[in-house]
$ cat data-v5.txt   # compact mmCIF, C-alpha atoms
# COMPACT_ATOMS: atom_id res chain seq x y z
CA MET A 169 -39.04 50.36 -18.52
CA LEU A 170 -36.16 48.52 -20.19
CA SER A 171 -37.66 45.30 -21.50
CA SER A 172 -40.93 43.40 -21.58
CA TYR A 173 -38.98 40.19 -20.95
CA ILE A 174 -38.40 41.11 -17.29
CA GLU A 175 -41.22 39.78 -15.09
CA PRO A 176 -41.84 39.61 -11.31
CA SER A 177 -40.55 36.04 -11.35
CA SER A 178 -37.30 36.97 -13.15
CA ARG A 179 -34.01 36.50 -11.29
CA ILE A 180 -30.47 37.78 -11.82
CA GLN A 181 -27.71 35.18 -11.98
CA ILE A 182 -24.71 36.64 -10.14
CA TRP A 183 -22.39 33.61 -10.36
CA ARG A 184 -22.86 32.51 -13.97
CA GLY A 185 -19.62 30.62 -14.70
CA VAL A 186 -20.22 26.87 -14.33
CA LYS A 187 -17.15 26.07 -12.22
CA GLU A 188 -17.54 29.19 -10.11
CA ARG A 189 -21.27 28.61 -9.58
CA VAL A 190 -20.84 25.00 -8.45
CA ALA A 191 -17.87 25.88 -6.24
CA ARG A 192 -19.91 28.61 -4.48
CA ILE A 193 -22.68 26.12 -3.69
CA ALA A 194 -20.40 23.25 -2.57
CA PRO A 195 -17.06 24.82 -1.51
CA PHE A 196 -16.07 21.62 0.32
CA LEU A 197 -15.69 19.80 -3.03
CA LYS A 198 -13.01 20.34 -5.68
CA VAL A 199 -14.25 21.02 -9.21
CA ASP A 200 -12.81 19.44 -12.34
CA ASP A 201 -11.09 21.68 -14.91
CA ASP A 202 -13.35 20.67 -17.80
CA PRO A 203 -17.16 20.94 -17.45
CA TYR A 204 -18.86 19.79 -20.64
CA LEU A 205 -22.12 20.66 -22.38
CA VAL A 206 -24.76 18.01 -23.22
CA LEU A 207 -28.21 17.94 -24.80
CA SER A 208 -31.07 16.16 -23.06
CA GLY A 209 -34.80 16.38 -23.76
CA GLY A 210 -34.37 19.46 -25.92
CA ARG A 211 -32.53 21.33 -23.13
CA LEU A 212 -28.85 22.07 -22.59
CA TYR A 213 -26.99 21.08 -19.42
CA TRP A 214 -23.46 21.46 -18.11
CA ILE A 215 -21.98 18.43 -16.35
CA GLN A 216 -19.31 19.23 -13.77
CA ASP A 217 -17.21 16.50 -12.11
CA LEU A 218 -16.58 16.94 -8.38
CA TYR A 219 -13.91 15.45 -6.13
CA THR A 220 -13.46 14.78 -2.44
CA VAL A 221 -9.78 15.31 -1.58
CA SER A 222 -7.58 15.21 1.50
CA ASP A 223 -3.90 15.55 2.38
CA ARG A 224 -4.20 13.57 5.63
CA PHE A 225 -5.07 10.04 4.53
CA PRO A 226 -2.88 7.64 6.60
CA TYR A 227 0.07 5.97 4.82
CA ALA A 228 -0.83 7.40 1.41
CA GLN A 229 1.72 8.95 -0.95
CA PRO A 230 1.40 12.73 -1.44
CA TYR A 231 0.69 13.98 -4.95
CA LYS A 232 1.71 17.54 -5.78
CA LYS A 233 0.56 17.98 -9.39
CA ALA A 234 -3.15 18.53 -8.73
CA PHE A 235 -5.11 20.57 -6.18
CA ASP A 236 -1.90 21.74 -4.46
CA ARG A 237 -0.92 18.72 -2.35
CA ILE A 238 -3.20 15.72 -1.81
CA ASN A 239 -2.90 12.06 -0.95
CA TYR A 240 -6.57 11.11 -1.38
CA ILE A 241 -9.01 11.80 -4.20
CA ARG A 242 -12.35 10.36 -5.31
CA ASN A 243 -14.74 11.43 -8.08
CA ALA A 244 -17.53 11.25 -5.53
CA ALA A 245 -20.20 13.35 -7.25
CA LYS A 246 -21.28 15.12 -10.42
CA ALA A 247 -23.17 18.38 -10.73
CA VAL A 248 -25.74 18.97 -13.48
CA VAL A 249 -26.37 22.64 -14.28
CA ASP A 250 -29.37 23.76 -16.33
CA VAL A 251 -28.03 26.23 -18.89
CA TYR A 252 -31.29 28.21 -19.06
CA ASN A 253 -32.11 28.83 -15.40
CA GLY A 254 -28.82 27.95 -13.69
CA SER A 255 -30.33 25.36 -11.32
CA VAL A 256 -27.75 22.90 -9.95
CA SER A 257 -28.37 19.28 -8.96
CA PHE A 258 -25.79 17.01 -7.30
CA TYR A 259 -25.63 13.26 -7.95
CA ILE A 260 -23.60 10.64 -6.08
CA THR A 261 -21.14 8.63 -8.21
CA ASP A 262 -19.22 6.99 -5.33
CA PRO A 263 -21.66 6.08 -2.51
CA LYS A 264 -18.87 4.36 -0.54
CA ASP A 265 -16.71 7.47 -0.27
CA PRO A 266 -16.44 8.28 3.48
CA LEU A 267 -15.86 12.03 2.96
CA LEU A 268 -18.96 12.41 0.85
CA GLY A 269 -20.83 10.35 3.45
CA ALA A 270 -19.98 12.98 6.07
CA TYR A 271 -21.12 15.81 3.76
CA ARG A 272 -24.38 13.97 3.06
CA GLU A 273 -25.05 13.80 6.79
CA ALA A 274 -24.25 17.49 7.19
CA PHE A 275 -26.37 18.57 4.20
CA PRO A 276 -29.28 16.12 3.90
CA GLY A 277 -31.19 16.21 0.66
CA VAL A 278 -28.46 17.96 -1.36
CA PHE A 279 -26.99 14.83 -2.94
CA LYS A 280 -29.23 12.55 -4.98
CA PRO A 281 -28.53 8.92 -5.94
CA LEU A 282 -27.21 8.40 -9.45
CA ASP A 283 -30.32 6.37 -10.32
CA ALA A 284 -32.34 9.59 -9.98
CA LEU A 285 -30.48 11.09 -12.93
CA PRO A 286 -32.54 10.83 -16.17
CA ALA A 287 -31.33 8.00 -18.42
CA ASP A 288 -30.45 10.25 -21.38
CA LEU A 289 -28.34 12.47 -19.11
CA LYS A 290 -26.69 9.46 -17.48
CA ALA A 291 -25.65 8.25 -20.93
CA HIS A 292 -23.64 11.47 -21.35
CA LEU A 293 -21.50 10.94 -18.23
CA ARG A 294 -17.82 10.43 -18.91
CA TYR A 295 -14.84 9.47 -16.77
CA PRO A 296 -13.08 12.68 -15.61
CA GLU A 297 -9.79 13.49 -17.27
CA ASN A 298 -8.20 15.07 -14.17
CA LEU A 299 -8.65 11.92 -12.10
CA PHE A 300 -7.51 9.66 -14.94
CA ALA A 301 -4.34 11.74 -15.42
CA ILE A 302 -3.46 11.32 -11.73
CA GLN A 303 -4.11 7.57 -11.83
CA ALA A 304 -2.07 7.15 -15.02
CA ASP A 305 0.79 9.22 -13.60
CA LEU A 306 1.03 7.06 -10.48
CA TYR A 307 0.61 3.82 -12.45
CA ARG A 308 3.78 4.66 -14.41
CA THR A 309 5.65 3.49 -11.28
CA TYR A 310 3.22 1.24 -9.46
CA HIS A 311 2.63 -1.11 -12.39
CA MET A 312 5.83 -2.83 -11.18
CA THR A 313 4.77 -5.69 -8.90
CA ASP A 314 8.17 -7.35 -8.41
CA PRO A 315 9.74 -5.86 -5.21
CA GLN A 316 13.28 -5.95 -6.59
CA VAL A 317 12.29 -4.34 -9.89
CA PHE A 318 10.27 -1.72 -8.00
CA TYR A 319 13.11 -0.95 -5.61
CA ASN A 320 15.60 -0.46 -8.45
CA GLN A 321 13.03 1.41 -10.60
CA GLU A 322 13.99 -0.82 -13.54
CA ASP A 323 10.73 -0.57 -15.50
CA LEU A 324 9.57 3.03 -15.21
CA TRP A 325 7.13 4.29 -17.80
CA SER A 326 6.66 7.80 -19.17
CA PHE A 327 4.01 9.74 -21.03
CA PRO A 328 5.08 9.96 -24.68
CA GLN A 329 5.89 13.17 -26.51
CA GLU A 330 4.16 14.53 -29.61
CA LYS A 331 4.55 17.56 -31.84
CA TYR A 332 1.88 20.20 -31.53
CA ALA A 333 2.12 23.57 -33.29
CA GLY A 334 5.84 22.98 -33.86
CA GLN A 335 6.69 22.09 -30.24
CA ALA A 336 7.23 18.77 -28.48
CA ILE A 337 4.69 18.37 -25.67
CA PRO A 338 3.53 15.42 -23.50
CA VAL A 339 0.56 13.49 -24.89
CA GLU A 340 -2.52 14.25 -22.79
CA PRO A 341 -5.33 11.69 -22.21
CA TYR A 342 -8.07 11.86 -24.83
CA TYR A 343 -11.57 10.45 -25.36
CA ILE A 344 -12.07 7.96 -28.16
CA LEU A 345 -14.84 5.73 -29.53
CA MET A 346 -13.41 2.30 -30.29
CA ARG A 347 -13.89 -1.45 -29.98
CA LEU A 348 -11.53 -3.04 -27.48
CA PRO A 349 -9.54 -6.12 -28.54
CA GLY A 350 -11.67 -9.23 -28.11
CA GLU A 351 -14.94 -7.28 -27.68
CA LYS A 352 -17.77 -6.79 -30.19
CA THR A 353 -19.28 -3.40 -29.34
CA LEU A 354 -18.00 0.14 -29.69
CA GLN A 355 -17.23 1.85 -26.40
CA TYR A 356 -16.48 5.39 -25.30
CA LEU A 357 -13.09 5.40 -23.58
CA LEU A 358 -10.61 7.78 -22.03
CA MET A 359 -7.15 6.64 -23.10
CA THR A 360 -3.43 7.39 -22.81
CA PRO A 361 -0.34 5.56 -24.16
CA PHE A 362 2.94 4.93 -22.30
CA THR A 363 6.56 4.67 -23.37
CA PRO A 364 9.52 3.26 -21.41
CA GLN A 365 11.55 5.80 -19.43
CA ASN A 366 14.00 7.61 -21.75
CA ARG A 367 12.79 5.69 -24.82
CA ASP A 368 10.33 6.57 -27.57
CA ASN A 369 8.68 3.27 -28.48
CA MET A 370 5.25 2.46 -27.05
CA ILE A 371 5.16 -0.08 -24.22
CA ALA A 372 1.54 0.03 -22.95
CA TRP A 373 -1.72 1.95 -23.00
CA MET A 374 -4.34 2.57 -20.36
CA ALA A 375 -8.05 3.26 -20.73
CA ALA A 376 -11.07 4.03 -18.55
CA ARG A 377 -14.56 2.93 -19.60
CA CYS A 378 -17.19 5.68 -19.83
CA ASP A 379 -20.25 3.51 -20.62
CA PHE A 380 -22.54 1.99 -18.02
CA PRO A 381 -22.73 -0.56 -16.43
CA GLU A 382 -18.90 -0.78 -16.62
CA TYR A 383 -18.35 2.95 -16.07
CA GLY A 384 -15.08 3.65 -14.27
CA GLN A 385 -13.39 0.33 -14.97
CA LEU A 386 -9.68 0.81 -15.75
CA LEU A 387 -7.88 -1.33 -18.33
CA VAL A 388 -4.17 -1.64 -19.09
CA TYR A 389 -2.75 -3.38 -22.16
CA GLN A 390 0.98 -4.12 -21.99
CA LEU A 391 2.72 -4.55 -25.34
CA PRO A 392 5.34 -7.25 -26.03
CA LYS A 393 8.85 -5.94 -25.37
CA GLU A 394 10.32 -8.03 -28.17
CA ARG A 395 8.31 -6.07 -30.79
CA LEU A 396 9.06 -2.50 -31.79
CA ILE A 397 5.80 -0.54 -31.70
CA TYR A 398 6.18 3.07 -32.68
CA GLY A 399 5.49 5.73 -30.10
CA PRO A 400 3.92 9.11 -30.96
CA ILE A 401 7.20 11.03 -31.37
CA GLN A 402 8.54 8.29 -33.67
CA VAL A 403 5.39 8.58 -35.77
CA GLU A 404 5.91 12.34 -35.90
CA ALA A 405 9.40 11.68 -37.26
CA MET A 406 7.93 9.40 -39.94
CA ILE A 407 5.67 12.26 -41.02
CA ASP A 408 8.63 14.66 -41.17
CA GLN A 409 10.61 12.16 -43.24
CA ASN A 410 7.85 11.75 -45.83
CA THR A 411 9.05 14.06 -48.60
CA ARG A 412 5.66 14.56 -50.26
CA ILE A 413 3.94 15.51 -47.00
CA SER A 414 6.78 17.67 -45.69
CA GLU A 415 7.02 19.57 -48.99
CA GLN A 416 3.28 20.29 -48.97
CA LEU A 417 3.33 21.46 -45.34
CA SER A 418 6.38 23.66 -46.00
CA LEU A 419 4.64 25.19 -49.01
CA TRP A 420 1.57 26.09 -46.94
CA ASP A 421 3.63 27.37 -44.00
CA GLN A 422 4.61 30.61 -45.73
CA ARG A 423 3.21 33.63 -47.54
CA GLY A 424 1.00 34.78 -44.69
CA SER A 425 -0.28 31.37 -43.55
CA ARG A 426 0.72 29.01 -40.74
CA VAL A 427 0.45 25.22 -40.51
CA ILE A 428 -0.63 23.69 -37.19
CA ARG A 429 -0.26 19.94 -36.73
CA GLY A 430 -2.87 18.90 -34.19
CA ASN A 431 -2.83 16.23 -31.50
CA LEU A 432 -1.76 12.76 -32.62
CA VAL A 433 -4.40 10.15 -31.75
CA VAL A 434 -3.30 6.54 -31.15
CA ILE A 435 -6.05 4.03 -32.01
CA PRO A 436 -5.59 0.30 -31.24
CA ILE A 437 -6.81 -1.92 -34.11
CA GLU A 438 -6.62 -5.69 -33.55
CA ASN A 439 -2.90 -6.37 -32.99
CA ALA A 440 -1.59 -3.05 -34.32
CA PHE A 441 -2.13 0.71 -34.03
CA LEU A 442 -3.55 3.37 -36.30
CA TYR A 443 -2.21 6.89 -35.82
CA VAL A 444 -4.23 9.92 -36.95
CA GLU A 445 -3.12 13.56 -36.94
CA PRO A 446 -5.13 16.56 -38.24
CA VAL A 447 -3.44 19.41 -40.09
CA TYR A 448 -4.85 22.93 -39.71
CA LEU A 449 -4.09 26.14 -41.59
CA THR A 450 -4.47 29.66 -40.20
CA ALA A 451 -4.11 32.97 -42.01
CA GLU A 452 -1.79 35.65 -40.68
CA GLY A 453 -3.58 37.85 -38.17
CA ILE A 454 -6.70 35.61 -38.07
CA ASN A 455 -6.55 32.96 -35.37
CA ILE A 456 -9.26 30.69 -36.82
CA PRO A 457 -7.72 27.30 -37.75
CA GLN A 458 -9.23 25.48 -40.72
CA LEU A 459 -8.88 21.72 -41.12
CA LYS A 460 -7.03 21.15 -44.41
CA ARG A 461 -5.68 17.61 -44.30
CA VAL A 462 -5.68 14.42 -42.21
CA ILE A 463 -2.53 12.30 -41.86
CA ALA A 464 -2.94 8.59 -41.10
CA ILE A 465 -0.19 6.08 -40.31
CA TYR A 466 -0.43 2.31 -40.10
CA GLY A 467 2.72 0.20 -39.88
CA ASP A 468 5.31 1.88 -42.10
CA LYS A 469 2.77 3.51 -44.43
CA VAL A 470 2.05 7.25 -44.14
CA VAL A 471 -0.70 8.97 -46.14
CA MET A 472 -2.27 12.43 -46.18
CA ALA A 473 -5.73 13.19 -47.59
CA ALA A 474 -8.44 15.84 -47.47
CA THR A 475 -10.65 13.81 -45.08
CA LEU A 476 -10.27 10.96 -42.61
CA ASP A 477 -12.33 8.63 -44.84
CA GLU A 478 -10.06 9.31 -47.82
CA ALA A 479 -6.96 8.77 -45.69
CA ILE A 480 -8.27 5.43 -44.37
CA ASN A 481 -9.28 4.29 -47.86
CA THR A 482 -5.85 5.18 -49.22
CA LEU A 483 -4.09 3.56 -46.28
CA PHE A 484 -5.85 0.22 -46.55
CA GLY A 485 -6.47 0.23 -50.30
CA ALA A 486 -10.27 0.35 -50.01
CA THR A 487 -12.39 1.62 -52.87
CA PRO A 488 -13.98 4.97 -52.00
CA ALA A 489 -17.74 4.82 -51.61
CA PRO A 490 -19.63 6.32 -54.57
CA GLN A 491 -20.66 9.89 -53.96
CA PRO A 492 -24.39 10.73 -54.26
CA GLU A 493 -25.42 12.67 -57.31
CA THR A 494 -25.85 16.39 -56.86
CA THR A 495 -29.50 17.34 -56.55
CA VAL A 496 -30.56 20.45 -58.44
CA ARG A 497 -32.91 22.59 -56.36
CA ALA A 498 -36.26 23.38 -57.87
CA PRO A 499 -36.97 27.05 -58.67
CA VAL A 500 -39.53 27.21 -55.85
CA GLN A 501 -36.92 26.04 -53.35
CA ASN A 502 -34.50 28.66 -54.63
CA GLN A 503 -37.13 31.35 -54.10
CA VAL A 504 -37.72 30.17 -50.52
CA LEU A 505 -33.99 30.21 -49.78
CA ASP A 506 -33.68 33.71 -51.20
CA ARG A 507 -36.58 34.86 -49.01
CA VAL A 508 -35.08 33.24 -45.89
CA ARG A 509 -31.71 34.83 -46.63
CA GLU A 510 -33.33 38.24 -47.10
CA ILE A 511 -35.26 38.04 -43.81
CA PHE A 512 -32.22 36.79 -41.91
CA GLN A 513 -29.99 39.59 -43.17
CA SER A 514 -32.64 42.16 -42.27
CA ALA A 515 -32.98 40.62 -38.79
CA GLN A 516 -29.23 40.84 -38.25
CA GLN A 517 -29.31 44.55 -39.06
CA ASP A 518 -32.24 45.06 -36.66
CA LEU A 519 -30.33 43.21 -33.94
CA GLN A 520 -27.17 45.28 -34.40
CA GLN A 521 -29.13 48.56 -34.30
CA GLY A 522 -31.33 47.61 -31.36
CA ARG A 523 -34.64 47.47 -33.23
CA TRP A 524 -36.04 44.71 -31.05
CA ALA A 525 -39.63 44.80 -32.30
CA GLU A 526 -38.53 44.48 -35.94
CA TYR A 527 -36.09 41.72 -34.98
CA GLY A 528 -38.84 39.78 -33.19
CA GLN A 529 -41.17 40.11 -36.17
CA ALA A 530 -38.43 38.85 -38.53
CA MET A 531 -37.94 35.75 -36.34
CA GLU A 532 -41.67 35.08 -36.44
CA ASP A 533 -41.63 35.37 -40.25
CA LEU A 534 -38.80 32.86 -40.43
CA LYS A 535 -40.67 30.42 -38.21
CA LYS A 536 -43.74 30.61 -40.45
CA ILE A 537 -41.72 29.95 -43.62
CA LEU A 538 -39.80 27.04 -42.12
CA ALA A 539 -43.00 25.51 -40.72
CA GLU A 540 -44.64 25.29 -44.15
CA PRO A 541 -44.73 21.74 -45.59
CA GLY A 542 -41.97 20.92 -48.05
CA LYS A 543 -39.74 23.85 -47.00
$ encode --input "data-v5.txt" --output "structure tokens"
Amino acid sequence: MLSSYIEPSSRIQIWRGVKERVARIAPFLKVDDDPYLVLSGGRLYWIQDLYTVSDRFPYAQPYKKAFDRINYIRNAAKAVVDVYNGSVSFYITDPKDPLLGAYREAFPGVFKPLDALPADLKAHLRYPENLFAIQADLYRTYHMTDPQVFYNQEDLWSFPQEKYAGQAIPVEPYYILMRLPGEKTLQYLLMTPFTPQNRDNMIAWMAARCDFPEYGQLLVYQLPKERLIYGPIQVEAMIDQNTRISEQLSLWDQRGSRVIRGNLVVIPIENAFLYVEPVYLTAEGINIPQLKRVIAIYGDKVVMAATLDEAINTLFGATPAPQPETTVRAPVQNQVLDRVREIFQSAQQDLQQGRWAEYGQAMEDLKKILAEPGK
């Protein structure tokens, strides 16, 4: 009676939220805070990281900042959720985990080996941020291997501070595509910098590899203590002290608009660091930020430009690449665009007013126009 789309094989999805859906199926596993959407074979999938946790692992230090109170955690599995039909598949990422081994015995056939995951989906897997944040937090203390230094807590590290939307906040781990020092290929990494306790200069940075076959490998680069390498909050101060940039930001941050300085990204380049910070502008009463400028810092040089490419070119003195000439559309192409625009606007009106048959016909007309050669 209501729709011709409903068939005898149709099903209602009661638990539609990704985290909630996975947690209802496997309540014995903890779900990560950040499921992410990927494209594979023309279909969309959610990937949800899953953890085995415990608070009773012998002789292990309790950790209170995640999942209440735990002293054991492993990223033992990942769930892949089909966006269209909601089907959920579980894949093993840590076959040696004893807790997951017990669950596999209790629920045979639920967990599949990682090799069973299609290659294009496997290429989208990334190291989970929640687990990395816990490991980085603990490593701030346990990087000290000298017993005396460890006992006196002489070399504690901290997460650096940055300015975001006018407030100083801790830098959170972020994903980045970069080439590690001494390596030739670009890699997808999850990274976080460190500063010494109660100091602002950078002392080290830690990264987790997200590409197979080295997925999950953790790397730490310690910086020489005799060199001053700016930390994020010091770079923020350099931006504030640049009169040209601060004047422009102050000019925008008034008359019904608001400037938002985004997250500062620290990018290792050879034996130095490049810092990049986006600048957004929002209108009063409309919370839709628009990227207006990109600030880049290398050494003591600070530049601001309309795009990242322009900022990099200005920073390193490169000549901007020539822009392609503007192509003038032929009259026939203009007519096609006008027709497409007309049909689309009509379809939007049909959709808003519930004229489903007319809306469906408009979509079919659009498909025919776009399928014609040369359109």
$ residues_around --input "data-v5.txt" --residues "Pro392 of chain A" --least-positions-apart "5" --cutoff "9 Å" --atoms "all atoms listed in the file" --output "list of chain:residue names"
A:Ile371, A:Ala372, A:Ile397
$ atom_distance --input "data-v5.txt" --atom1 "atom CA of Pro338 of chain A" --atom2 "atom CA of Met374 of chain A"
15.4 Å
$ closest_residue --input "data-v5.txt" --among "A:Gln458, A:Leu396, A:Lys331, A:Val470" --to "Gln409 of chain A" --atoms "only C-alpha atoms"
A:Val470
$ closest_residue --input "data-v5.txt" --among "A:Tyr295, A:Phe300, A:Phe441, A:Tyr271" --to "Tyr466 of chain A" --atoms "all atoms listed in the file"
A:Phe441
$ atom_distance --input "data-v5.txt" --atom1 "atom CA of Ala336 of chain A" --atom2 "atom CA of Asp368 of chain A"
12.6 Å
$ closest_residue --input "data-v5.txt" --among "A:Arg377, A:Arg224, A:His311, A:Lys469" --to "Phe362 of chain A" --atoms "all atoms listed in the file"
A:His311
$ atom_distance --input "data-v5.txt" --atom1 "atom CA of Thr309 of chain A" --atom2 "atom CA of Arg242 of chain A"
20.2 Å
$ closest_residue --input "data-v5.txt" --among "A:Glu404, A:Ser177, A:Arg237, A:Thr482" --to "Gln335 of chain A" --atoms "all atoms listed in the file"
A:Glu404
$ residues_near_point --input "data-v5.txt" --point "(1.4, 9.6, -12.7)" --cutoff "12 Å" --atoms "all atoms listed in the file" --output "VMD selection string"
chain A and resid 229 to 234 298 to 311 324 to 327 340 to 341 360 362 374
$ residues_around --input "data-v5.txt" --residues "segment 243-256 of chain A" --least-positions-apart "6" --cutoff "6 Å" --atoms "all atoms listed in the file" --output "list in words"
Leu212, Tyr213, Trp214, Ile215, Gln216, Asp217, Leu218, Tyr219 and Asp262 of chain A
$ closest_residue --input "data-v5.txt" --among "A:Pro176, A:Pro296, A:Gly334, A:Gly277" --to "Thr261 of chain A" --atoms "all atoms listed in the file"
A:Pro296
$ closest_residue --input "data-v5.txt" --among "A:Val317, A:Val462, A:Leu387, A:Ala376" --to "Leu449 of chain A" --atoms "only C-alpha atoms"
A:Val462
$ build_atoms --input "data-v5.txt" --residues "segment 188-213 of chain A" --atoms "N, CA and C atoms" --output "PDB file, in the frame of the given file"
ATOM      1  N   GLU A 188     -17.396  28.254 -11.212  1.00  0.00           N
ATOM      2  CA  GLU A 188     -17.540  29.190 -10.110  1.00  0.00           C
ATOM      3  C   GLU A 188     -18.871  29.002  -9.394  1.00  0.00           C
ATOM      4  N   ARG A 189     -19.930  28.770 -10.153  1.00  0.00           N
ATOM      5  CA  ARG A 189     -21.270  28.610  -9.580  1.00  0.00           C
ATOM      6  C   ARG A 189     -21.340  27.375  -8.691  1.00  0.00           C
ATOM      7  N   VAL A 190     -20.825  26.248  -9.214  1.00  0.00           N
ATOM      8  CA  VAL A 190     -20.840  25.000  -8.450  1.00  0.00           C
ATOM      9  C   VAL A 190     -19.958  25.111  -7.212  1.00  0.00           C
ATOM     10  N   ALA A 191     -18.784  25.742  -7.366  1.00  0.00           N
ATOM     11  CA  ALA A 191     -17.870  25.880  -6.240  1.00  0.00           C
ATOM     12  C   ALA A 191     -18.449  26.757  -5.127  1.00  0.00           C
ATOM     13  N   ARG A 192     -19.276  27.768  -5.494  1.00  0.00           N
ATOM     14  CA  ARG A 192     -19.910  28.610  -4.480  1.00  0.00           C
ATOM     15  C   ARG A 192     -20.959  27.832  -3.690  1.00  0.00           C
ATOM     16  N   ILE A 193     -21.634  26.887  -4.368  1.00  0.00           N
ATOM     17  CA  ILE A 193     -22.680  26.120  -3.690  1.00  0.00           C
ATOM     18  C   ILE A 193     -22.081  25.030  -2.817  1.00  0.00           C
ATOM     19  N   ALA A 194     -21.026  24.350  -3.319  1.00  0.00           N
ATOM     20  CA  ALA A 194     -20.400  23.250  -2.570  1.00  0.00           C
ATOM     21  C   ALA A 194     -18.907  23.501  -2.453  1.00  0.00           C
ATOM     22  N   PRO A 195     -18.484  24.470  -1.610  1.00  0.00           N
ATOM     23  CA  PRO A 195     -17.060  24.820  -1.510  1.00  0.00           C
ATOM     24  C   PRO A 195     -16.206  23.720  -0.889  1.00  0.00           C
ATOM     25  N   PHE A 196     -16.811  22.717  -0.294  1.00  0.00           N
ATOM     26  CA  PHE A 196     -16.070  21.620   0.320  1.00  0.00           C
ATOM     27  C   PHE A 196     -15.664  20.559  -0.700  1.00  0.00           C
ATOM     28  N   LEU A 197     -16.080  20.718  -1.957  1.00  0.00           N
ATOM     29  CA  LEU A 197     -15.690  19.800  -3.030  1.00  0.00           C
ATOM     30  C   LEU A 197     -14.802  20.519  -4.029  1.00  0.00           C
ATOM     31  N   LYS A 198     -13.869  19.789  -4.643  1.00  0.00           N
ATOM     32  CA  LYS A 198     -13.010  20.340  -5.680  1.00  0.00           C
ATOM     33  C   LYS A 198     -13.660  20.105  -7.044  1.00  0.00           C
ATOM     34  N   VAL A 199     -13.612  21.125  -7.904  1.00  0.00           N
ATOM     35  CA  VAL A 199     -14.250  21.020  -9.210  1.00  0.00           C
ATOM     36  C   VAL A 199     -13.218  20.631 -10.261  1.00  0.00           C
ATOM     37  N   ASP A 200     -13.659  19.854 -11.228  1.00  0.00           N
ATOM     38  CA  ASP A 200     -12.810  19.440 -12.340  1.00  0.00           C
ATOM     39  C   ASP A 200     -12.551  20.630 -13.271  1.00  0.00           C
ATOM     40  N   ASP A 201     -11.469  20.564 -14.037  1.00  0.00           N
ATOM     41  CA  ASP A 201     -11.090  21.680 -14.910  1.00  0.00           C
ATOM     42  C   ASP A 201     -11.956  21.776 -16.170  1.00  0.00           C
ATOM     43  N   ASP A 202     -12.708  20.718 -16.487  1.00  0.00           N
ATOM     44  CA  ASP A 202     -13.350  20.670 -17.800  1.00  0.00           C
ATOM     45  C   ASP A 202     -14.819  20.288 -17.720  1.00  0.00           C
ATOM     46  N   PRO A 203     -15.720  21.229 -17.329  1.00  0.00           N
ATOM     47  CA  PRO A 203     -17.160  20.940 -17.450  1.00  0.00           C
ATOM     48  C   PRO A 203     -17.526  20.834 -18.924  1.00  0.00           C
ATOM     49  N   TYR A 204     -18.514  19.993 -19.237  1.00  0.00           N
ATOM     50  CA  TYR A 204     -18.860  19.790 -20.640  1.00  0.00           C
ATOM     51  C   TYR A 204     -20.366  19.908 -20.841  1.00  0.00           C
ATOM     52  N   LEU A 205     -20.737  20.347 -22.047  1.00  0.00           N
ATOM     53  CA  LEU A 205     -22.120  20.660 -22.380  1.00  0.00           C
ATOM     54  C   LEU A 205     -22.781  19.464 -23.051  1.00  0.00           C
ATOM     55  N   VAL A 206     -24.023  19.134 -22.633  1.00  0.00           N
ATOM     56  CA  VAL A 206     -24.760  18.010 -23.220  1.00  0.00           C
ATOM     57  C   VAL A 206     -26.188  18.444 -23.526  1.00  0.00           C
ATOM     58  N   LEU A 207     -26.823  17.690 -24.411  1.00  0.00           N
ATOM     59  CA  LEU A 207     -28.210  17.940 -24.800  1.00  0.00           C
ATOM     60  C   LEU A 207     -29.084  16.819 -24.293  1.00  0.00           C
ATOM     61  N   SER A 208     -30.173  17.170 -23.613  1.00  0.00           N
ATOM     62  CA  SER A 208     -31.070  16.160 -23.060  1.00  0.00           C
ATOM     63  C   SER A 208     -32.498  16.699 -23.068  1.00  0.00           C
ATOM     64  N   GLY A 209     -33.402  15.978 -23.741  1.00  0.00           N
ATOM     65  CA  GLY A 209     -34.800  16.380 -23.760  1.00  0.00           C
ATOM     66  C   GLY A 209     -35.034  17.754 -24.340  1.00  0.00           C
ATOM     67  N   GLY A 210     -34.228  18.147 -25.319  1.00  0.00           N
ATOM     68  CA  GLY A 210     -34.370  19.460 -25.920  1.00  0.00           C
ATOM     69  C   GLY A 210     -33.810  20.596 -25.091  1.00  0.00           C
ATOM     70  N   ARG A 211     -33.121  20.295 -23.985  1.00  0.00           N
ATOM     71  CA  ARG A 211     -32.530  21.330 -23.130  1.00  0.00           C
ATOM     72  C   ARG A 211     -31.028  21.085 -23.020  1.00  0.00           C
ATOM     73  N   LEU A 212     -30.291  22.143 -22.731  1.00  0.00           N
ATOM     74  CA  LEU A 212     -28.850  22.070 -22.590  1.00  0.00           C
ATOM     75  C   LEU A 212     -28.468  22.046 -21.105  1.00  0.00           C
ATOM     76  N   TYR A 213     -27.472  21.200 -20.788  1.00  0.00           N
ATOM     77  CA  TYR A 213     -26.990  21.080 -19.420  1.00  0.00           C
ATOM     78  C   TYR A 213     -25.459  21.045 -19.423  1.00  0.00           C
TER      79      TYR A 213
END
